[in-house]
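Structure data follow from input-v1.cif (mmCIF, C-alpha atoms):
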```cif
data_entry
#
loop_
_atom_site.label_atom_id
_atom_site.label_comp_id
_atom_site.auth_asym_id
_atom_site.auth_seq_id
_atom_site.Cartn_x
_atom_site.Cartn_y
_atom_site.Cartn_z
CA MET A 1 207.26 51.72 -23.84
CA GLU A 2 210.17 54.03 -22.96
CA GLY A 3 207.84 56.01 -20.69
CA LYS A 4 206.75 52.81 -18.90
CA VAL A 5 210.39 51.79 -18.27
CA ILE A 6 211.18 55.22 -16.84
CA GLY A 7 208.02 55.03 -14.76
CA ALA A 8 209.04 51.62 -13.41
CA VAL A 9 212.46 52.95 -12.35
CA VAL A 10 210.82 55.85 -10.51
CA ILE A 11 208.38 53.49 -8.79
CA LEU A 12 211.18 51.20 -7.64
CA ALA A 13 213.01 54.18 -6.15
CA LEU A 14 209.89 55.24 -4.31
CA LEU A 15 209.23 51.71 -3.04
CA ALA A 16 212.59 51.70 -1.30
CA SER A 17 211.55 54.65 0.84
CA ILE A 18 208.01 53.77 1.88
CA PRO A 19 206.63 51.02 4.15
CA ALA A 20 205.40 47.87 2.45
CA LEU A 21 201.93 48.24 3.88
CA ILE A 22 201.07 51.78 2.81
CA ARG A 23 197.72 51.70 1.02
CA LEU A 24 197.31 54.47 -1.50
CA PRO A 25 194.00 56.32 -1.47
CA GLY A 26 191.66 55.85 -4.39
CA TYR A 27 191.48 52.07 -4.45
CA ILE A 28 187.88 51.14 -3.71
CA GLN A 29 187.79 47.80 -1.92
CA SER A 30 184.91 45.85 -3.39
CA THR A 31 182.72 43.73 -1.15
CA LEU A 32 182.02 41.30 -4.02
CA PRO A 33 184.17 38.18 -4.50
CA VAL A 34 186.75 38.11 -7.25
CA GLU A 35 186.49 34.95 -9.35
CA ASN A 36 189.53 32.68 -9.58
CA ASP A 37 189.52 32.86 -13.40
CA ALA A 38 190.62 36.50 -13.06
CA ILE A 39 194.15 35.25 -12.41
CA VAL A 40 194.24 32.18 -14.67
CA GLY A 41 197.08 32.19 -17.17
CA TYR A 42 199.59 34.17 -15.13
CA GLY A 43 201.42 31.19 -13.65
CA PHE A 44 200.32 31.54 -10.03
CA GLU A 45 197.32 30.85 -7.87
CA ILE A 46 195.77 32.22 -4.69
CA THR A 47 197.42 29.38 -2.78
CA ASP A 48 200.83 30.78 -3.76
CA ILE A 49 200.27 33.58 -1.27
CA GLU A 50 198.60 31.43 1.35
CA ASN A 51 201.48 28.94 1.33
CA GLU A 52 204.15 31.62 1.21
CA TYR A 53 202.88 33.51 4.23
CA GLU A 54 203.66 31.98 7.62
CA PRO A 55 202.46 34.20 10.48
CA ALA A 56 205.25 35.06 12.85
CA PRO A 57 204.67 34.73 16.59
CA VAL A 58 203.62 37.94 18.30
CA PRO A 59 206.69 39.28 20.15
CA ASN A 60 206.60 39.28 23.94
CA ALA A 61 205.11 42.56 25.09
CA PRO A 62 206.67 44.65 27.86
CA PRO A 63 205.12 43.89 31.27
CA GLU A 64 203.32 47.24 31.44
CA ILE A 65 201.26 46.52 28.29
CA GLU A 66 201.05 42.73 28.40
CA GLU A 67 197.48 42.72 29.69
CA ASP A 68 196.27 45.11 26.98
CA ILE A 69 198.05 43.48 24.07
CA THR A 70 196.49 40.09 24.82
CA ASP A 71 192.99 41.61 25.01
CA TRP A 72 190.89 40.70 21.94
CA MET A 73 189.86 44.35 21.50
CA LEU A 74 193.46 45.55 21.29
CA ILE A 75 195.17 43.00 19.06
CA LEU A 76 197.72 44.90 16.99
CA VAL A 77 197.98 43.98 13.31
CA ASN A 78 200.45 45.68 11.00
CA SER A 79 203.52 44.83 8.92
CA GLU A 80 205.49 43.88 12.04
CA HIS A 81 202.62 42.13 13.84
CA PRO A 82 200.80 39.63 11.61
CA ILE A 83 197.60 38.03 12.79
CA PRO A 84 198.36 35.34 15.41
CA GLN A 85 198.29 31.82 13.98
CA ASP A 86 195.66 30.65 16.43
CA TYR A 87 193.33 33.62 15.95
CA ILE A 88 189.74 32.64 15.15
CA PRO A 89 187.34 35.55 14.48
CA ASN A 90 184.01 35.55 16.33
CA LEU A 91 181.62 36.88 13.68
CA SER A 92 178.04 38.02 13.19
CA LYS A 93 176.38 39.47 10.09
CA LEU A 94 175.49 43.09 9.50
CA ASP A 95 172.23 43.97 7.75
CA ASN A 96 174.05 44.16 4.39
CA GLY A 97 175.51 40.67 4.79
CA LEU A 98 179.05 41.73 5.70
CA GLU A 99 180.53 40.21 8.87
CA PHE A 100 181.92 41.88 12.00
CA ASP A 101 183.04 40.68 15.42
CA ALA A 102 179.99 39.39 17.31
CA ARG A 103 181.24 40.94 20.57
CA ALA A 104 181.32 44.43 19.06
CA ILE A 105 178.69 44.34 16.32
CA GLY A 106 176.12 45.94 18.61
CA LYS A 107 178.41 48.95 19.07
CA LEU A 108 178.91 49.23 15.31
CA ASN A 109 175.17 49.05 14.65
CA ALA A 110 174.50 51.64 17.34
CA MET A 111 177.06 54.02 15.83
CA ILE A 112 175.67 53.64 12.31
CA ASN A 113 172.05 53.97 13.48
CA ASP A 114 172.79 57.06 15.56
CA ALA A 115 174.48 58.65 12.56
CA LYS A 116 171.42 57.90 10.45
CA ALA A 117 169.22 59.45 13.15
CA GLN A 118 171.13 62.68 12.48
CA GLY A 119 170.03 62.55 8.84
CA LEU A 120 173.34 61.10 7.65
CA ALA A 121 173.90 58.15 5.32
CA PRO A 122 177.01 56.12 6.28
CA ILE A 123 177.55 52.84 4.41
CA VAL A 124 179.77 50.00 5.61
CA VAL A 125 181.42 48.89 2.37
CA SER A 126 184.02 46.50 3.79
CA ALA A 127 184.33 44.62 7.07
CA TYR A 128 185.76 41.17 7.88
CA ARG A 129 187.82 39.52 5.16
CA PRO A 130 189.10 35.93 5.31
CA VAL A 131 192.63 35.27 4.10
CA ASP A 132 191.48 33.95 0.72
CA ARG A 133 189.46 37.12 0.11
CA GLN A 134 192.45 39.28 1.03
CA ALA A 135 194.61 37.15 -1.28
CA ARG A 136 192.15 37.63 -4.15
CA LEU A 137 192.19 41.40 -3.68
CA PHE A 138 195.98 41.32 -3.66
CA MET A 139 196.23 39.07 -6.72
CA ASP A 140 193.59 41.02 -8.64
CA LYS A 141 195.66 44.19 -8.33
CA VAL A 142 198.81 42.31 -9.33
CA VAL A 143 197.09 40.95 -12.44
CA ALA A 144 195.74 44.37 -13.38
CA LEU A 145 199.26 45.82 -13.24
CA MET A 146 200.67 42.90 -15.24
CA GLU A 147 198.07 43.54 -17.91
CA GLU A 148 199.41 47.08 -18.11
CA GLY A 149 202.82 45.65 -18.94
CA TYR A 150 204.57 45.49 -15.59
CA ALA A 151 206.70 42.46 -14.72
CA ARG A 152 205.27 40.27 -11.96
CA GLU A 153 207.93 41.20 -9.40
CA LEU A 154 207.36 44.92 -9.91
CA ALA A 155 203.57 44.44 -9.97
CA GLU A 156 203.68 42.67 -6.60
CA ALA A 157 205.95 45.37 -5.12
CA ILE A 158 203.58 48.12 -6.25
CA THR A 159 200.54 46.19 -4.98
CA LYS A 160 202.02 45.93 -1.49
CA THR A 161 201.94 49.73 -1.29
CA SER A 162 198.16 49.78 -1.77
CA ILE A 163 196.78 46.46 -0.45
CA ALA A 164 197.96 44.72 2.71
CA TYR A 165 199.61 41.36 2.16
CA PRO A 166 197.37 38.47 3.35
CA GLY A 167 197.87 37.82 7.05
CA THR A 168 198.74 41.44 7.82
CA SER A 169 195.38 43.08 7.08
CA GLU A 170 193.43 44.44 10.02
CA HIS A 171 190.21 43.47 8.24
CA GLN A 172 191.04 39.82 8.91
CA LEU A 173 190.47 40.43 12.63
CA GLY A 174 186.79 41.22 12.08
CA LEU A 175 187.25 44.44 14.08
CA ALA A 176 187.74 46.94 11.25
CA VAL A 177 185.31 48.55 8.83
CA ASP A 178 185.58 50.84 5.83
CA ILE A 179 182.76 53.36 5.76
CA ALA A 180 181.73 55.41 2.73
CA THR A 181 178.62 57.55 2.28
CA LEU A 182 175.61 57.53 0.02
CA HIS A 183 176.73 60.75 -1.66
CA CYS A 184 180.48 60.02 -1.61
CA PRO A 185 181.02 56.28 -2.20
CA TYR A 186 184.75 56.64 -2.83
CA LEU A 187 187.48 55.37 -0.54
CA ASP A 188 189.85 58.27 -0.93
CA GLU A 189 190.50 61.55 0.85
CA ARG A 190 187.37 63.13 -0.63
CA VAL A 191 185.28 61.17 1.84
CA ALA A 192 186.94 63.03 4.74
CA GLU A 193 184.85 66.08 3.87
CA ALA A 194 181.56 64.17 3.97
CA PRO A 195 179.31 65.06 6.94
CA GLU A 196 179.04 61.36 7.78
CA ILE A 197 182.79 60.90 8.18
CA LYS A 198 183.14 64.13 10.14
CA TRP A 199 180.39 62.95 12.53
CA LEU A 200 181.93 59.49 12.87
CA THR A 201 185.38 60.92 13.57
CA ALA A 202 183.94 63.19 16.26
CA HIS A 203 181.76 60.52 17.92
CA CYS A 204 183.31 57.11 17.15
CA ALA A 205 185.08 56.91 20.53
CA GLU A 206 181.69 57.00 22.29
CA TYR A 207 181.05 53.58 20.73
CA GLY A 208 184.56 52.18 21.21
CA PHE A 209 185.93 52.95 17.73
CA ILE A 210 188.96 54.92 16.56
CA LEU A 211 190.03 56.43 13.26
CA ARG A 212 192.77 53.86 12.77
CA TYR A 213 195.03 55.62 10.25
CA PRO A 214 195.00 59.38 10.95
CA LYS A 215 196.78 62.01 8.92
CA GLY A 216 200.31 62.78 10.07
CA LYS A 217 200.84 59.35 11.65
CA GLU A 218 201.88 57.45 8.54
CA HIS A 219 205.42 57.00 9.86
CA ILE A 220 203.96 55.13 12.85
CA THR A 221 201.13 53.09 11.31
CA GLY A 222 202.85 52.38 7.99
CA ILE A 223 199.53 53.22 6.30
CA MET A 224 198.57 56.40 4.51
CA TYR A 225 195.73 58.56 5.82
CA GLU A 226 192.46 56.61 5.56
CA PRO A 227 189.53 58.71 6.82
CA TRP A 228 187.16 55.84 6.03
CA HIS A 229 188.80 53.10 8.16
CA PHE A 230 187.48 52.65 11.71
CA ARG A 231 188.65 50.04 14.22
CA TYR A 232 186.96 48.79 17.39
CA VAL A 233 189.23 48.90 20.45
CA GLY A 234 186.74 49.33 23.30
CA LYS A 235 185.41 52.56 24.78
CA ARG A 236 188.17 53.18 27.34
CA ALA A 237 191.01 52.85 24.84
CA ALA A 238 189.08 54.65 22.09
CA GLN A 239 188.42 57.72 24.21
CA GLU A 240 192.06 58.04 25.22
CA ILE A 241 193.35 57.46 21.69
CA MET A 242 190.99 59.96 20.07
CA GLN A 243 191.32 62.59 22.81
CA ARG A 244 195.12 62.48 22.73
CA GLY A 245 195.35 62.26 18.96
CA ILE A 246 197.53 59.15 19.04
CA THR A 247 197.50 55.79 17.26
CA LEU A 248 196.85 52.28 18.51
CA GLU A 249 200.57 51.61 18.27
CA GLU A 250 201.34 54.58 20.52
CA TYR A 251 198.58 53.66 22.95
CA LEU A 252 199.88 50.10 23.39
CA MET A 253 203.46 51.19 23.77
CA GLY A 254 202.63 54.10 26.06
CA GLN A 255 204.54 56.57 23.91
CA GLY A 256 201.97 59.35 24.08
CA ALA A 257 201.24 61.92 21.42
CA LYS A 258 204.09 63.02 19.22
#
```
Rendering of file as structure tokens:
Amino acid sequence: MEGKVIGAVVILALLASIPALIRLPGYIQSTLPVENDAIVGYGFEITDIENEYEPAPVPNAPPEIEEDITDWMLILVNSEHPIPQDYIPNLSKLDNGLEFDARAIGKLNAMINDAKAQGLAPIVVSAYRPVDRQARLFMDKVVALMEEGYARELAEAITKTSIAYPGTSEHQLGLAVDIATLHCPYLDERVAEAPEIKWLTAHCAEYGFILRYPKGKEHITGIMYEPWHFRYVGKRAAQEIMQRGITLEEYLMGQGAK
């Protein structure tokens, strides 16, 4: 018990120095629903999160980027830019039943099929998530930590470092996918060495996708390096972002590579 108390103090100190949305590698995001009874008995429900979160209006963009930031392909979602209240995803189903934006699903299918034509085996393991699904993922992690002995407040604080709070997850746009491989089904840095991920990183811009959370840009995105997470932004933006080695945030703000 003494070790757990010391561990909790260390975690709290770390939490004060890292963004609330950093997602630690190693947490595999299941595509199967989590049943409500997984959180029964802990004094809160999924609706606690849904009612607590009120999306803030998207700040007025500078004139030079106003046209881009209102484009559906370039909607920015992070800890400072929650999903707009009036956003309604336009979805179609992938072959495995997961959903993706109907306006870009053809590009995603083309990218996956072209990778397979090279003898590779990419697998889309997570795509669009509605707010209740994101809330269940969040709550499930909170409950797991509480079962380990952490107080609810600390459990929620730790969870926010590994799973985006509902309303601030890019997956809720329907424009982001997590891709694993047949031989490396893990969503951690090991997948970066898989031939599939190397091919996707090299060619994703040709289909309008970017590696959304690159290494070395954590201070800008607020998210740790995720070699499995790809985001559709359109071919023109994707090629510039990937060629210059910048992030979506930098592209929209015109900051250039750092």
For region 120-158 of chain A against region 69-89 of chain A, with a cut-off of 12 Å and counting all atoms listed in the file, what is the closest atom pair and its distance in Å to one decimal for every residue that makes the cut, ordered by chain and number, as a Markdown table?
```
| residue | atom | partner | partner_atom | distance |
| --- | --- | --- | --- | --- |
| A:Tyr128 | CA | A:Pro89 | CA | 8.8 |
| A:Arg129 | CA | A:Pro89 | CA | 10.1 |
| A:Pro130 | CA | A:Pro89 | CA | 9.3 |
| A:Val131 | CA | A:Ile83 | CA | 10.4 |
```
Any chance you could export the current selection's C-alpha atoms as a CSV table (one decimal), in the coordinates of the input?
```csv
chain,number,residue,atom,x,y,z
A,128,TYR,CA,185.8,41.2,7.9
A,129,ARG,CA,187.8,39.5,5.2
A,130,PRO,CA,189.1,35.9,5.3
A,131,VAL,CA,192.6,35.3,4.1
```
Find the residue from A:Thr221, A:Arg212, A:Ala121, A:Ala144 that sits nearest to Pro185 (chain A); use all atoms listed in the file when measuring. A:Ala121
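Rounded to one decimal, CA of Lys160 (chain A) and CA of Asp140 (chain A) lie 12.1 Å from each other.
As for CA of Gln172 (chain A) and CA of Leu187 (chain A), they are spaced 18.5 Å apart.
Closest to Glu206 (chain A) among A:Ser126, A:Ser169, A:Gln243, A:Thr159 is A:Gln243, based on all atoms listed in the file.
For the atom pair formed by CA of Lys141 (chain A) and CA of Glu156 (chain A), the distance is 8.3 Å, given to one decimal.
Among the candidates A:Gly245, A:Pro122, A:Gly97, A:Pro166, the one nearest to Leu211 (chain A) when counting all atoms listed in the file is A:Gly245.
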Spell out the residues picked by the PyMOL selection byres ((chain A and resi 155) around 10) here, as a PyMOL selection string. chain A and resi 8+139+141-154+156-160
Near-Ala115 (chain A) list (12 Å; only C-alpha atoms; drop same-chain fewer than 2 positions) as a compact mmCIF listing (two decimals) with C-alpha atoms, in the frame of the given file:
```
# COMPACT_ATOMS: atom_id res chain seq x y z
CA LEU A 108 178.91 49.23 15.31
CA ASN A 109 175.17 49.05 14.65
CA ALA A 110 174.50 51.64 17.34
CA MET A 111 177.06 54.02 15.83
CA ILE A 112 175.67 53.64 12.31
CA ASN A 113 172.05 53.97 13.48
CA ALA A 117 169.22 59.45 13.15
CA GLN A 118 171.13 62.68 12.48
CA GLY A 119 170.03 62.55 8.84
CA LEU A 120 173.34 61.10 7.65
CA ALA A 121 173.90 58.15 5.32
CA PRO A 122 177.01 56.12 6.28
CA ILE A 123 177.55 52.84 4.41
CA ILE A 179 182.76 53.36 5.76
CA THR A 181 178.62 57.55 2.28
CA PRO A 195 179.31 65.06 6.94
CA GLU A 196 179.04 61.36 7.78
CA ILE A 197 182.79 60.90 8.18
CA LYS A 198 183.14 64.13 10.14
CA TRP A 199 180.39 62.95 12.53
CA LEU A 200 181.93 59.49 12.87
CA THR A 201 185.38 60.92 13.57
CA ALA A 202 183.94 63.19 16.26
CA HIS A 203 181.76 60.52 17.92
CA CYS A 204 183.31 57.11 17.15
CA TYR A 207 181.05 53.58 20.73
```
Written as a PyMOL selection string, which residues does the PyMOL selection byres ((chain A and resi 236) around 12) give for the file shown? chain A and resi 68+73-74+204-210+232-235+237-243+251
Residues within 8 Å of Pro227 (chain A), only C-alpha atoms, excluding chain neighbours under 2 positions, as an MDAnalysis selection string: chainID A and resid 188:189 191:192 197 211 213:214 225 229
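Across A:Gln134, A:Leu175, A:Arg244, A:Leu252, the tightest approach to Glu99 (chain A) is made by A:Leu175 when counting all atoms listed in the file.
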